[in-house]
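Participant: Below is one structure. I have some questions about it.
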Amino acid sequence: MSTDQLQSATHEWQEGFSLPQDLYRDTDVFARDIEALATSQWLLVDHESRIAHPGEYFTVDFGGESIIVIRDKDNSVHAHYNVCRHRGSRICLEKQGSVRALTCPYHAWTYDLAGNLKSARYMAQDFSAAQYRLNSCNVRVFKGLIFLNLAKDQAPSFEGFIARFEPMLERHDLAGAKVAVRQVFPTNANWKLVVENFFECYHCKSAHPTYCSVHDEMKMLAFGAGPGSSDGLASKYMETFNAWEAAERLAGRQPGMFADGPDTPYFQSAGRLPIGKGNATESLNGKGMAPLIVKEREYDGAQTGCVFNPVSVLLANSDHAIGFRFNPRGPRSTDVEVFWLVSKDAQEGIDYDPEEVKAMWTVTLLEDKTITENNQAGVCSTSYRPGPYSAQESKIAEFGSWYTRLIGLNNAAATCGNEHIQPYG
Amino acid sequence: MSTDQLQSATHEWQEGFSLPQDLYRDTDVFARDIEALATSQWLLVDHESRIAHPGEYFTVDFGGESIIVIRDKDNSVHAHYNVCRHRGSRICLEKQGSVRALTCPYHAWTYDLAGNLKSARYMAQDFSAAQYRLNSCNVRVFKGLIFLNLAKDQAPSFEGFIARFEPMLERHDLAGAKVAVRQVFPTNANWKLVVENFFECYHCKSAHPTYCSVHDEMKMLAFGAGPGSSDGLASKYMETFNAWEAAERLAGRQPGMFADGPDTPYFQSAGRLPIGKGNATESLNGKGMAPLIVKEREYDGAQTGCVFNPVSVLLANSDHAIGFRFNPRGPRSTDVEVFWLVSKDAQEGIDYDPEEVKAMWTVTLLEDKTITENNQAGVCSTSYRPGPYSAQESKIAEFGSWYTRLIGLNNAAATCGNEHIQPYG
Amino acid sequence: MSTDQLQSATHEWQEGFSLPQDLYRDTDVFARDIEALATSQWLLVDHESRIAHPGEYFTVDFGGESIIVIRDKDNSVHAHYNVCRHRGSRICLEKQGSVRALTCPYHAWTYDLAGNLKSARYMAQDFSAAQYRLNSCNVRVFKGLIFLNLAKDQAPSFEGFIARFEPMLERHDLAGAKVAVRQVFPTNANWKLVVENFFECYHCKSAHPTYCSVHDEMKMLAFGAGPGSSDGLASKYMETFNAWEAAERLAGRQPGMFADGPDTPYFQSAGRLPIGKGNATESLNGKGMAPLIVKEREYDGAQTGCVFNPVSVLLANSDHAIGFRFNPRGPRSTDVEVFWLVSKDAQEGIDYDPEEVKAMWTVTLLEDKTITENNQAGVCSTSYRPGPYSAQESKIAEFGSWYTRLIGLNNAAATCGNEHIQPYG
């Protein structure tokens, strides 16, 4: 679809309704989405415990790209495009590994861990190795969490991106964590249907019995998908919440909560909420599953949610944290990639059982996979028209505005904060 | 392909020859085909015995759409698009089932069987449920046969569509029948190659030994694919036919036969013909396989064929009938969906064996699948040129004219009968 | 991509570098490639031992076409498009077989082995069978090797195409050979990546340990992918080579070598080189594997390589020869089809073991498959830029020039020799 056609489709769309059909299925729209996300956002990709030692690497897929994330001898973390500068071969063929240098398996061009070309046989006299270092990708580490940005020129400021999460995660020792288990949920649906499903709890009651058995019902109505997710439905819950917040303050803890509006570059939010039902952590039975990762050294029964951007989310409990990465693979295909973190001193089989750690969200995400795929099927019907959101879907009503502006199809006056992150003028 | 390109390709086509290559493989042509068939035709989809009781439903796929066909409490039959008016999720996930209401599995929006929205939580004050009833699809039942039309505005008159088949099927108690067995033959070929194969018996001799063992050879030459299928090849058969017809009239039966020309909206035909070779019914050994479904209560050795339109066909024998639905799935993919009807009082395993009932046509349709897929492969060659039809292919010579006019690519002066069924001006 | 867009992409390309990304993945480019190769080249497809007797045939796939290659009663070899002139069905459904006539399985139109229509039932009075002979394809046999050209009008001169290989292959009795074994290596990469990989030995050291264990190291550096494959790296090898060549001449043999530049129609080359390391033939252990196919009746430890064009290659040893056919299947898919020839008098299991005969190149081509697929993956990255070739890749530097001119995207003044082989003005 041309930009004109897209703009016309978008103009017929009303805020407060789901998106027009083509935005959920068109190939050109998908290409715009990938470009916009890659250049304007810092994408949460993994935890640095995966590359604890120099030479260790893993590869990240995003929109047809493969990126090598590798630890250098000085312990710094680099990200390189997994593309040899000679004739374009992939360099790392495995998802992860450990190397002394990055040697292309095709013609043995060899790069150091920082991406400098160190060896290439039989090149011309005037060949300048300096011109052929690996293309690098922007990478930052925050409390052990690795973020990538694929802007070819200037990346958005990481400090501006991450600043507000520092106090929110102050109590959690994420840098001292490790990945206990990971799982991918391949989903035959557009990434925006996946994201919209994640950011509303209107469907929890009908679709997630297990999730509902763990969380406080009134909390789910008020803040089911985090701060700002339910417009005007909080009243019945606020008494409980205010009492909990007062107790937190008495205990010297600063709970905190914020939620960006749609006219912001990253549409971030964060908040700390009690799980409810007397549960210590977000497990199937509400009981702890692993050594604590919080400073306090006691279960506080609360969870800190961090939405770095709509495709990068972290949920931190007293004994474990969960990273979510919504990875667009095609117009109707998304990988939901999840990693569970526990204390790096915890011993598998003794201190925690990975199957138990991942159980609650695995059940929930498998349910979400089914839901979202059925949504995709129906959205492609000629009879589909954008439908109205309920009060419990206010976060995704805003997401529609944020997203259409992100890809340059929303004319509403808004400044994006980072001027260079408007890939389509 | 643009309309101009298609029109140019079609202009080079001569009547009496197979169609130009692009009409058998192009994606845009396929989209036009789907739109034209869906809006201009009443499509035979199933038999109402499948939904005998209130709340029973099945889903029909047509061109990317999913339609719910459901029986209401007052016994009427509705057809709804399987798309929730909230955010577009599929509502019915199974091919068939029984429900008390249509509840979307995503957010539990609930509709009654007639498609009225009865429940939706937390919607805005000014939300009007009446604006969000399920989108309905045109549906009619004739002698137990269910037909759908997907026109968004006015459907063609069903009475005009079905009138001439009433006397033809008068003797068969189809409303008192049930589906004994059904089978789908997925075929990697354009639906027009499938239809063309079905409407000529020029290939019977070389490709269908079983079919030939059941049917009179001279009849196959004269009327092998029904009335009008063999131009000028009837002479040797007419003596036999006239004698049979005279005997039918003596017995008080009005055989009847008609065949529309290509300038008609539905290209219908029907006719009653003896099977031949002394066979009672169209079975592998020519003998009866199930209790009679005709009034006369005796085998008459004849078969009534009804072509409602080129994708909707019924063959009615003394003891069973067969419904054929040619369902286009993609430019090179068609599902041939077949259901066999027997008397609803017949007991499976006692009065009939489903394997026996379906055997003759299953053999024949599997042969057709192979034939048609090889036709598709060759038609895609750069060396393919439309070839001339034999006298035994006169029905499909007309089909080419009917079809090109249907999708608006045949400029021959012709009125379509139903002015609103010309989807492309 | 439009021709303008392609030309613009190509203009940014520098000779001496790998090709621009789109040439390795674009669908329209692929269609141009197929058309250009089919019409301008004689394509090596098989050896005539496969159709030793009249009526024997095999089918060849090329770019969506299926061609029947068949031996007639007078022993001549014909090639016909596998498309019935009636309605376009495939005629031969098997990869190979033996027939008395070519009868279409659909409606039994029957052609003689030369493609003349001999029988078609019930056609109109004015039907002229002469107008409906099978479309023929250009075919030539050279020393048992079968070549096809799919030009619809005039094919390039086969004599001009083949002349220089006559003396090169004079000592090998290829017409007296038979196919011992064949294998297909389906490769998920553009055919040009496959060809580029085949025509340089820069990767041999890092990727082909088995191949390196058989061949002389200095030879691989000098002539690893045949004459003209390593620009200026021959010096260390020339002493060995000159001594060998002198001995050959003394023995009355004329080694010979030639390599076309990129401004020629077929980019041909050929050369005779010692294998080295004292090896008698190109086997895993360097020892003979089958009865000799050379006149001399002794192992001479040398190999004759013939590049008929970049997708048609033959390697001839003293006891066996190998035919390579690089068959483009899609923008990112190529079948590497290989057949091994031995003397037709040799008996399988007694005189040779097919597994042994194919072992060396099977190992090597499986390695190449992996390499080339990784190359395709990286070439599709947004970070890919054409990279510079080493001195050991000079043949494929020229290939880039030849190829871009072949598909009409290289403006360099050059005459193609055969004026009619410029499919795109």
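Note on naming: chains are A, B, ... as they come in the structure tokens, residues start from 1 per chain, ligands start from 1 in the order shown.
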Report as a PDB file with N, CA, C and O atoms, in the first residue's frame the set of chain B residues whose atoms approach chain A to within 6 Å, with distances computed over only C-alpha atoms.
Facilitator:
ATOM      1  N   GLU B  65     -13.461 -15.745   3.974  1.00  0.00           N
ATOM      2  CA  GLU B  65     -14.517 -15.476   4.947  1.00  0.00           C
ATOM      3  C   GLU B  65     -14.881 -16.753   5.693  1.00  0.00           C
ATOM      4  O   GLU B  65     -14.777 -17.846   5.140  1.00  0.00           O
ATOM      5  N   VAL B  83     -17.255 -13.018  12.911  1.00  0.00           N
ATOM      6  CA  VAL B  83     -16.350 -11.908  13.252  1.00  0.00           C
ATOM      7  C   VAL B  83     -17.029 -11.075  14.337  1.00  0.00           C
ATOM      8  O   VAL B  83     -18.067 -10.452  14.094  1.00  0.00           O
ATOM      9  N   ARG B  85     -18.015  -8.081  16.603  1.00  0.00           N
ATOM     10  CA  ARG B  85     -18.080  -6.661  16.278  1.00  0.00           C
ATOM     11  C   ARG B  85     -17.234  -5.805  17.219  1.00  0.00           C
ATOM     12  O   ARG B  85     -17.104  -4.608  17.017  1.00  0.00           O
ATOM     13  N   HIS B  86     -16.660  -6.425  18.252  1.00  0.00           N
ATOM     14  CA  HIS B  86     -15.802  -5.684  19.167  1.00  0.00           C
ATOM     15  C   HIS B  86     -14.442  -5.447  18.506  1.00  0.00           C
ATOM     16  O   HIS B  86     -14.213  -4.409  17.910  1.00  0.00           O
ATOM     17  N   ARG B  87     -13.590  -6.464  18.501  1.00  0.00           N
ATOM     18  CA  ARG B  87     -12.272  -6.259  17.900  1.00  0.00           C
ATOM     19  C   ARG B  87     -11.984  -7.259  16.786  1.00  0.00           C
ATOM     20  O   ARG B  87     -10.839  -7.393  16.346  1.00  0.00           O
ATOM     21  N   GLY B  88     -13.018  -7.973  16.346  1.00  0.00           N
ATOM     22  CA  GLY B  88     -12.858  -8.778  15.135  1.00  0.00           C
ATOM     23  C   GLY B  88     -12.492 -10.232  15.347  1.00  0.00           C
ATOM     24  O   GLY B  88     -12.220 -10.941  14.388  1.00  0.00           O
ATOM     25  N   SER B  89     -12.467 -10.709  16.582  1.00  0.00           N
ATOM     26  CA  SER B  89     -12.100 -12.116  16.793  1.00  0.00           C
ATOM     27  C   SER B  89     -13.111 -13.056  16.136  1.00  0.00           C
ATOM     28  O   SER B  89     -14.280 -12.728  15.988  1.00  0.00           O
ATOM     29  N   ARG B  90     -12.634 -14.234  15.705  1.00  0.00           N
ATOM     30  CA  ARG B  90     -13.532 -15.326  15.390  1.00  0.00           C
ATOM     31  C   ARG B  90     -14.370 -15.640  16.623  1.00  0.00           C
ATOM     32  O   ARG B  90     -13.863 -15.582  17.760  1.00  0.00           O
ATOM     33  N   TYR B 106     -13.001 -14.203  23.195  1.00  0.00           N
ATOM     34  CA  TYR B 106     -11.976 -13.223  23.560  1.00  0.00           C
ATOM     35  C   TYR B 106     -12.442 -12.389  24.764  1.00  0.00           C
ATOM     36  O   TYR B 106     -11.908 -12.525  25.867  1.00  0.00           O
ATOM     37  N   HIS B 107     -13.473 -11.560  24.572  1.00  0.00           N
ATOM     38  CA  HIS B 107     -13.902 -10.687  25.665  1.00  0.00           C
ATOM     39  C   HIS B 107     -15.339 -10.939  26.093  1.00  0.00           C
ATOM     40  O   HIS B 107     -15.947 -10.110  26.766  1.00  0.00           O
ATOM     41  N   TYR B 122     -18.665  -2.969  30.455  1.00  0.00           N
ATOM     42  CA  TYR B 122     -17.856  -1.754  30.613  1.00  0.00           C
ATOM     43  C   TYR B 122     -17.766  -0.885  29.360  1.00  0.00           C
ATOM     44  O   TYR B 122     -16.722  -0.293  29.087  1.00  0.00           O
ATOM     45  N   MET B 123     -18.847  -0.873  28.569  1.00  0.00           N
ATOM     46  CA  MET B 123     -18.808   0.001  27.405  1.00  0.00           C
ATOM     47  C   MET B 123     -19.250   1.412  27.816  1.00  0.00           C
ATOM     48  O   MET B 123     -19.831   1.616  28.880  1.00  0.00           O
TER      49      MET B 123
END
Participant: Fewer than 6 positions away in the same chain doesn't count, so skip those; otherwise give me all residues within 8 Å of range 240-255 of chain B, counting only C-alpha atoms, as a PDB file with all heavy atoms, in the first residue's frame.
Facilitator:
ATOM      1  N   MET B 168     -38.144 -30.299 -11.135  1.00  0.00           N
ATOM      2  CA  MET B 168     -37.129 -31.315 -11.434  1.00  0.00           C
ATOM      3  C   MET B 168     -36.901 -32.235 -10.236  1.00  0.00           C
ATOM      4  O   MET B 168     -36.605 -33.423 -10.394  1.00  0.00           O
ATOM      5  CB  MET B 168     -35.797 -30.652 -11.790  1.00  0.00           C
ATOM      6  CG  MET B 168     -35.778 -29.843 -13.079  1.00  0.00           C
ATOM      7  SD  MET B 168     -36.215 -30.796 -14.563  1.00  0.00           S
ATOM      8  CE  MET B 168     -34.966 -32.061 -14.572  1.00  0.00           C
ATOM      9  N   GLY B 271     -31.480 -31.971 -15.810  1.00  0.00           N
ATOM     10  CA  GLY B 271     -31.986 -32.982 -16.728  1.00  0.00           C
ATOM     11  C   GLY B 271     -32.089 -34.319 -16.032  1.00  0.00           C
ATOM     12  O   GLY B 271     -31.405 -34.577 -15.032  1.00  0.00           O
ATOM     13  N   ARG B 272     -32.957 -35.139 -16.578  1.00  0.00           N
ATOM     14  CA  ARG B 272     -33.151 -36.473 -16.018  1.00  0.00           C
ATOM     15  C   ARG B 272     -32.769 -37.457 -17.105  1.00  0.00           C
ATOM     16  O   ARG B 272     -33.210 -37.371 -18.243  1.00  0.00           O
ATOM     17  CB  ARG B 272     -34.625 -36.627 -15.644  1.00  0.00           C
ATOM     18  CG  ARG B 272     -34.937 -37.933 -14.978  1.00  0.00           C
ATOM     19  CD  ARG B 272     -36.206 -37.837 -14.146  1.00  0.00           C
ATOM     20  NE  ARG B 272     -36.503 -39.147 -13.612  1.00  0.00           N
ATOM     21  CZ  ARG B 272     -35.822 -39.702 -12.600  1.00  0.00           C
ATOM     22  NH1 ARG B 272     -34.850 -39.039 -12.030  1.00  0.00           N
ATOM     23  NH2 ARG B 272     -36.134 -40.917 -12.187  1.00  0.00           N
ATOM     24  N   LEU B 273     -31.893 -38.412 -16.749  1.00  0.00           N
ATOM     25  CA  LEU B 273     -31.367 -39.352 -17.738  1.00  0.00           C
ATOM     26  C   LEU B 273     -31.245 -40.730 -17.116  1.00  0.00           C
ATOM     27  O   LEU B 273     -30.949 -40.855 -15.913  1.00  0.00           O
ATOM     28  CB  LEU B 273     -29.970 -38.912 -18.189  1.00  0.00           C
ATOM     29  CG  LEU B 273     -29.880 -37.649 -19.049  1.00  0.00           C
ATOM     30  CD1 LEU B 273     -28.465 -37.121 -19.042  1.00  0.00           C
ATOM     31  CD2 LEU B 273     -30.328 -37.950 -20.480  1.00  0.00           C
ATOM     32  N   PRO B 274     -31.481 -41.777 -17.908  1.00  0.00           N
ATOM     33  CA  PRO B 274     -31.239 -43.123 -17.380  1.00  0.00           C
ATOM     34  C   PRO B 274     -29.738 -43.348 -17.217  1.00  0.00           C
ATOM     35  O   PRO B 274     -28.935 -42.851 -18.003  1.00  0.00           O
ATOM     36  CB  PRO B 274     -31.808 -44.035 -18.466  1.00  0.00           C
ATOM     37  CG  PRO B 274     -31.768 -43.217 -19.710  1.00  0.00           C
ATOM     38  CD  PRO B 274     -31.900 -41.775 -19.310  1.00  0.00           C
TER      39      PRO B 274
END
Participant: For Asn317 in chain C, please output as a PyMOL selection string all residues within 12 Å (counting only C-alpha atoms; exclusion window: fewer than 3 positions along the same chain).
Facilitator: chain C and resi 169+171-174+272-275+279-283+286-295+298-306+314+320-323+340-343+357
Participant: Once you have the residues from the selection above, write them out as a PDB file, in the first residue's frame, restricted to C-alpha atoms.
Facilitator:
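This went into again_7.pdb:
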ATOM      1  CA  LEU C 169      37.587 -33.557 -24.539  1.00  0.00           C
ATOM      2  CA  ARG C 171      40.770 -38.038 -25.230  1.00  0.00           C
ATOM      3  CA  HIS C 172      37.660 -38.775 -23.116  1.00  0.00           C
ATOM      4  CA  ASP C 173      35.127 -41.251 -24.450  1.00  0.00           C
ATOM      5  CA  LEU C 174      32.077 -39.452 -23.040  1.00  0.00           C
ATOM      6  CA  ARG C 272      43.709 -29.384 -18.134  1.00  0.00           C
ATOM      7  CA  LEU C 273      45.551 -29.543 -14.823  1.00  0.00           C
ATOM      8  CA  PRO C 274      47.264 -32.205 -12.722  1.00  0.00           C
ATOM      9  CA  ILE C 275      45.360 -33.081  -9.556  1.00  0.00           C
ATOM     10  CA  ASN C 279      46.730 -38.749  -7.035  1.00  0.00           C
ATOM     11  CA  ALA C 280      45.472 -40.724 -10.017  1.00  0.00           C
ATOM     12  CA  THR C 281      41.935 -39.336  -9.977  1.00  0.00           C
ATOM     13  CA  GLU C 282      39.656 -37.075  -7.935  1.00  0.00           C
ATOM     14  CA  SER C 283      38.653 -39.629  -5.332  1.00  0.00           C
ATOM     15  CA  GLY C 286      43.323 -40.426  -4.885  1.00  0.00           C
ATOM     16  CA  LYS C 287      43.113 -43.928  -6.340  1.00  0.00           C
ATOM     17  CA  GLY C 288      41.143 -45.054  -9.365  1.00  0.00           C
ATOM     18  CA  MET C 289      37.510 -46.012  -8.856  1.00  0.00           C
ATOM     19  CA  ALA C 290      36.299 -47.303 -12.237  1.00  0.00           C
ATOM     20  CA  PRO C 291      37.507 -48.520 -15.642  1.00  0.00           C
ATOM     21  CA  LEU C 292      39.316 -45.855 -17.617  1.00  0.00           C
ATOM     22  CA  ILE C 293      37.328 -43.604 -19.945  1.00  0.00           C
ATOM     23  CA  VAL C 294      40.363 -42.128 -21.676  1.00  0.00           C
ATOM     24  CA  LYS C 295      41.999 -43.358 -24.853  1.00  0.00           C
ATOM     25  CA  GLU C 298      46.361 -45.319 -18.149  1.00  0.00           C
ATOM     26  CA  TYR C 299      45.772 -42.891 -15.305  1.00  0.00           C
ATOM     27  CA  ASP C 300      47.403 -39.599 -16.100  1.00  0.00           C
ATOM     28  CA  GLY C 301      46.599 -37.899 -12.779  1.00  0.00           C
ATOM     29  CA  ALA C 302      45.075 -34.893 -14.504  1.00  0.00           C
ATOM     30  CA  GLN C 303      41.594 -33.432 -14.818  1.00  0.00           C
ATOM     31  CA  THR C 304      39.976 -31.555 -17.682  1.00  0.00           C
ATOM     32  CA  GLY C 305      37.538 -28.879 -16.640  1.00  0.00           C
ATOM     33  CA  CYS C 306      34.969 -27.464 -19.082  1.00  0.00           C
ATOM     34  CA  LEU C 314      31.920 -30.786 -16.719  1.00  0.00           C
ATOM     35  CA  HIS C 320      34.982 -40.791 -14.464  1.00  0.00           C
ATOM     36  CA  ALA C 321      33.471 -37.455 -15.326  1.00  0.00           C
ATOM     37  CA  ILE C 322      31.059 -35.212 -13.453  1.00  0.00           C
ATOM     38  CA  GLY C 323      28.350 -32.993 -14.908  1.00  0.00           C
ATOM     39  CA  TRP C 340      28.675 -38.914 -12.412  1.00  0.00           C
ATOM     40  CA  LEU C 341      29.661 -40.722 -15.622  1.00  0.00           C
ATOM     41  CA  VAL C 342      31.640 -43.945 -15.924  1.00  0.00           C
ATOM     42  CA  SER C 343      32.338 -46.220 -18.859  1.00  0.00           C
ATOM     43  CA  VAL C 357      32.329 -42.494  -7.176  1.00  0.00           C
TER      44      VAL C 357
END
Participant: Give me, please, the distance in Å between CA of Cys84 in chain B and CA of Met360 in chain A, quoted to one decimal.
Facilitator: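 We find that CA of Cys84 in chain B and CA of Met360 in chain A lie 28.2 Å from each other.
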Participant: If DSSP is run on the backbone, what residues of range 182-242 of chain B are alpha helix (DSSP H)? A reply as number ranges by chain would be ideal.
Facilitator: B: 191-198, 204-207, 209-214, 217-223, 235-242
Participant: Using the chain letters and numbers from this document, which residues of range 330-401 of chain A does DSSP assign to strand (DSSP E), as a PyMOL selection string?
Facilitator: chain A and resi 330+333-343
Participant: Considering only C-alpha atoms, can you say which of A:Phe185, A:Phe147, A:Phe30, A:Trp191 comes closest to Val77 in chain A?
Facilitator: A:Phe147
Participant: What lies within 12 Å of Ala31 in chain C using only C-alpha atoms, ignoring chain neighbours under 2 positions off, as an mmCIF file with N, CA, C and O atoms, in the first residue's frame?
Facilitator:
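The resulting file, selection_18.cif, is shown below:
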data_model
loop_
_atom_site.group_PDB
_atom_site.id
_atom_site.type_symbol
_atom_site.label_atom_id
_atom_site.label_comp_id
_atom_site.auth_asym_id
_atom_site.auth_seq_id
_atom_site.Cartn_x
_atom_site.Cartn_y
_atom_site.Cartn_z
ATOM 1 N N MET C 1 10.887 -5.141 -9.223
ATOM 2 C CA MET C 1 11.641 -3.898 -9.487
ATOM 3 C C MET C 1 11.555 -3.550 -10.963
ATOM 4 O O MET C 1 11.705 -4.412 -11.815
ATOM 5 N N SER C 2 11.380 -2.282 -11.264
ATOM 6 C CA SER C 2 11.364 -1.835 -12.648
ATOM 7 C C SER C 2 12.786 -1.864 -13.192
ATOM 8 O O SER C 2 13.773 -1.911 -12.442
ATOM 9 N N LEU C 23 19.903 -7.899 -6.700
ATOM 10 C CA LEU C 23 20.183 -8.887 -7.738
ATOM 11 C C LEU C 23 20.223 -10.304 -7.158
ATOM 12 O O LEU C 23 20.093 -11.280 -7.894
ATOM 13 N N ARG C 25 18.033 -11.328 -4.752
ATOM 14 C CA ARG C 25 16.799 -11.711 -4.061
ATOM 15 C C ARG C 25 15.506 -11.263 -4.720
ATOM 16 O O ARG C 25 14.437 -11.741 -4.366
ATOM 17 N N ASP C 26 15.576 -10.344 -5.663
ATOM 18 C CA ASP C 26 14.359 -9.762 -6.208
ATOM 19 C C ASP C 26 13.646 -10.733 -7.163
ATOM 20 O O ASP C 26 14.279 -11.412 -7.982
ATOM 21 N N THR C 27 12.331 -10.753 -7.081
ATOM 22 C CA THR C 27 11.530 -11.650 -7.911
ATOM 23 C C THR C 27 11.576 -11.264 -9.388
ATOM 24 O O THR C 27 11.648 -12.129 -10.261
ATOM 25 N N ASP C 28 11.529 -9.987 -9.674
ATOM 26 C CA ASP C 28 11.576 -9.554 -11.076
ATOM 27 C C ASP C 28 12.951 -9.819 -11.679
ATOM 28 O O ASP C 28 13.061 -10.194 -12.850
ATOM 29 N N VAL C 29 13.994 -9.608 -10.896
ATOM 30 C CA VAL C 29 15.342 -9.923 -11.378
ATOM 31 C C VAL C 29 15.422 -11.409 -11.712
ATOM 32 O O VAL C 29 15.946 -11.803 -12.760
ATOM 33 N N ASP C 33 16.517 -13.230 -15.105
ATOM 34 C CA ASP C 33 17.609 -14.215 -15.132
ATOM 35 C C ASP C 33 17.181 -15.466 -15.900
ATOM 36 O O ASP C 33 17.904 -15.959 -16.769
ATOM 37 N N ILE C 34 16.023 -15.968 -15.533
ATOM 38 C CA ILE C 34 15.514 -17.196 -16.140
ATOM 39 C C ILE C 34 15.358 -17.013 -17.650
ATOM 40 O O ILE C 34 15.791 -17.850 -18.453
ATOM 41 N N GLU C 35 14.735 -15.904 -18.030
ATOM 42 C CA GLU C 35 14.516 -15.620 -19.448
ATOM 43 C C GLU C 35 15.863 -15.505 -20.177
ATOM 44 O O GLU C 35 16.049 -16.078 -21.260
ATOM 45 N N ALA C 36 16.799 -14.813 -19.563
ATOM 46 C CA ALA C 36 18.091 -14.598 -20.218
ATOM 47 C C ALA C 36 18.858 -15.909 -20.361
ATOM 48 O O ALA C 36 19.396 -16.221 -21.435
ATOM 49 N N LEU C 37 18.908 -16.699 -19.302
ATOM 50 C CA LEU C 37 19.631 -17.974 -19.367
ATOM 51 C C LEU C 37 18.959 -18.911 -20.377
ATOM 52 O O LEU C 37 19.624 -19.556 -21.186
ATOM 53 N N ALA C 38 17.643 -18.979 -20.334
ATOM 54 C CA ALA C 38 16.920 -19.930 -21.181
ATOM 55 C C ALA C 38 17.126 -19.640 -22.656
ATOM 56 O O ALA C 38 17.231 -20.569 -23.470
ATOM 57 N N PHE C 62 12.996 -26.356 -15.839
ATOM 58 C CA PHE C 62 13.792 -25.117 -15.853
ATOM 59 C C PHE C 62 12.843 -23.936 -15.727
ATOM 60 O O PHE C 62 11.994 -23.700 -16.597
ATOM 61 N N GLY C 63 12.971 -23.219 -14.626
ATOM 62 C CA GLY C 63 12.215 -21.980 -14.444
ATOM 63 C C GLY C 63 10.716 -22.111 -14.651
ATOM 64 O O GLY C 63 10.117 -21.287 -15.339
ATOM 65 N N GLY C 64 10.100 -23.132 -14.086
ATOM 66 C CA GLY C 64 8.650 -23.278 -14.234
ATOM 67 C C GLY C 64 8.248 -24.080 -15.466
ATOM 68 O O GLY C 64 7.091 -24.459 -15.612
ATOM 69 N N PRO C 328 18.291 -22.754 -11.431
ATOM 70 C CA PRO C 328 17.592 -21.747 -10.612
ATOM 71 C C PRO C 328 16.134 -22.150 -10.410
ATOM 72 O O PRO C 328 15.436 -22.458 -11.371
ATOM 73 N N ARG C 329 15.666 -22.163 -9.169
ATOM 74 C CA ARG C 329 14.291 -22.577 -8.876
ATOM 75 C C ARG C 329 13.450 -21.407 -8.393
ATOM 76 O O ARG C 329 12.224 -21.436 -8.484
ATOM 77 N N GLY C 330 14.082 -20.416 -7.813
ATOM 78 C CA GLY C 330 13.382 -19.245 -7.299
ATOM 79 C C GLY C 330 14.421 -18.217 -6.892
ATOM 80 O O GLY C 330 15.621 -18.523 -6.902
ATOM 81 N N PRO C 331 13.993 -17.015 -6.518
ATOM 82 C CA PRO C 331 14.967 -15.963 -6.175
ATOM 83 C C PRO C 331 15.959 -16.413 -5.096
ATOM 84 O O PRO C 331 17.090 -15.955 -5.074
ATOM 85 N N ILE C 407 21.713 -9.602 -18.505
ATOM 86 C CA ILE C 407 20.313 -9.218 -18.263
ATOM 87 C C ILE C 407 20.071 -7.754 -18.613
ATOM 88 O O ILE C 407 19.033 -7.190 -18.267
ATOM 89 N N PRO C 423 17.661 -10.473 -24.510
ATOM 90 C CA PRO C 423 16.216 -10.542 -24.316
ATOM 91 C C PRO C 423 15.611 -9.216 -23.875
ATOM 92 O O PRO C 423 14.429 -9.007 -24.038
ATOM 93 N N TYR C 424 16.381 -8.366 -23.265
ATOM 94 C CA TYR C 424 15.834 -7.090 -22.814
ATOM 95 C C TYR C 424 16.597 -5.974 -23.484
ATOM 96 O O TYR C 424 17.747 -5.710 -23.127
#
Participant: What lies within 8 Å of Arg182 in chain B using only C-alpha atoms, ignoring chain neighbours under 6 positions off, as a ChimeraX atom specification?
Facilitator: /B:337-340
Participant: Asn138 in chain B: which residues within 7 Å, counting only C-alpha atoms, same-chain residues fewer than 6 positions away excluded, as a list in words?
Facilitator: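 Non-adjacent residues within range: Ala79, Leu148, Asn149 and Leu150 of chain B.
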Participant: Env of range 66-71 of chain C: 9 Å cut, atoms = only C-alpha atoms, seq-sep filter 6 positions within chain, self excluded. Answer as a PyMOL selection string.
Facilitator: (chain B and resi 377-378+381) or (chain C and resi 48+51-60+77-83+90-92+96+98+113-114+136-137+139)
Participant: Take CA of Ser394 in chain C and CA of Gly408 in chain C and report the distance between them in Å, one decimal.
Facilitator: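 One can read the CA of Ser394 in chain C to CA of Gly408 in chain C distance as 21.9 Å.
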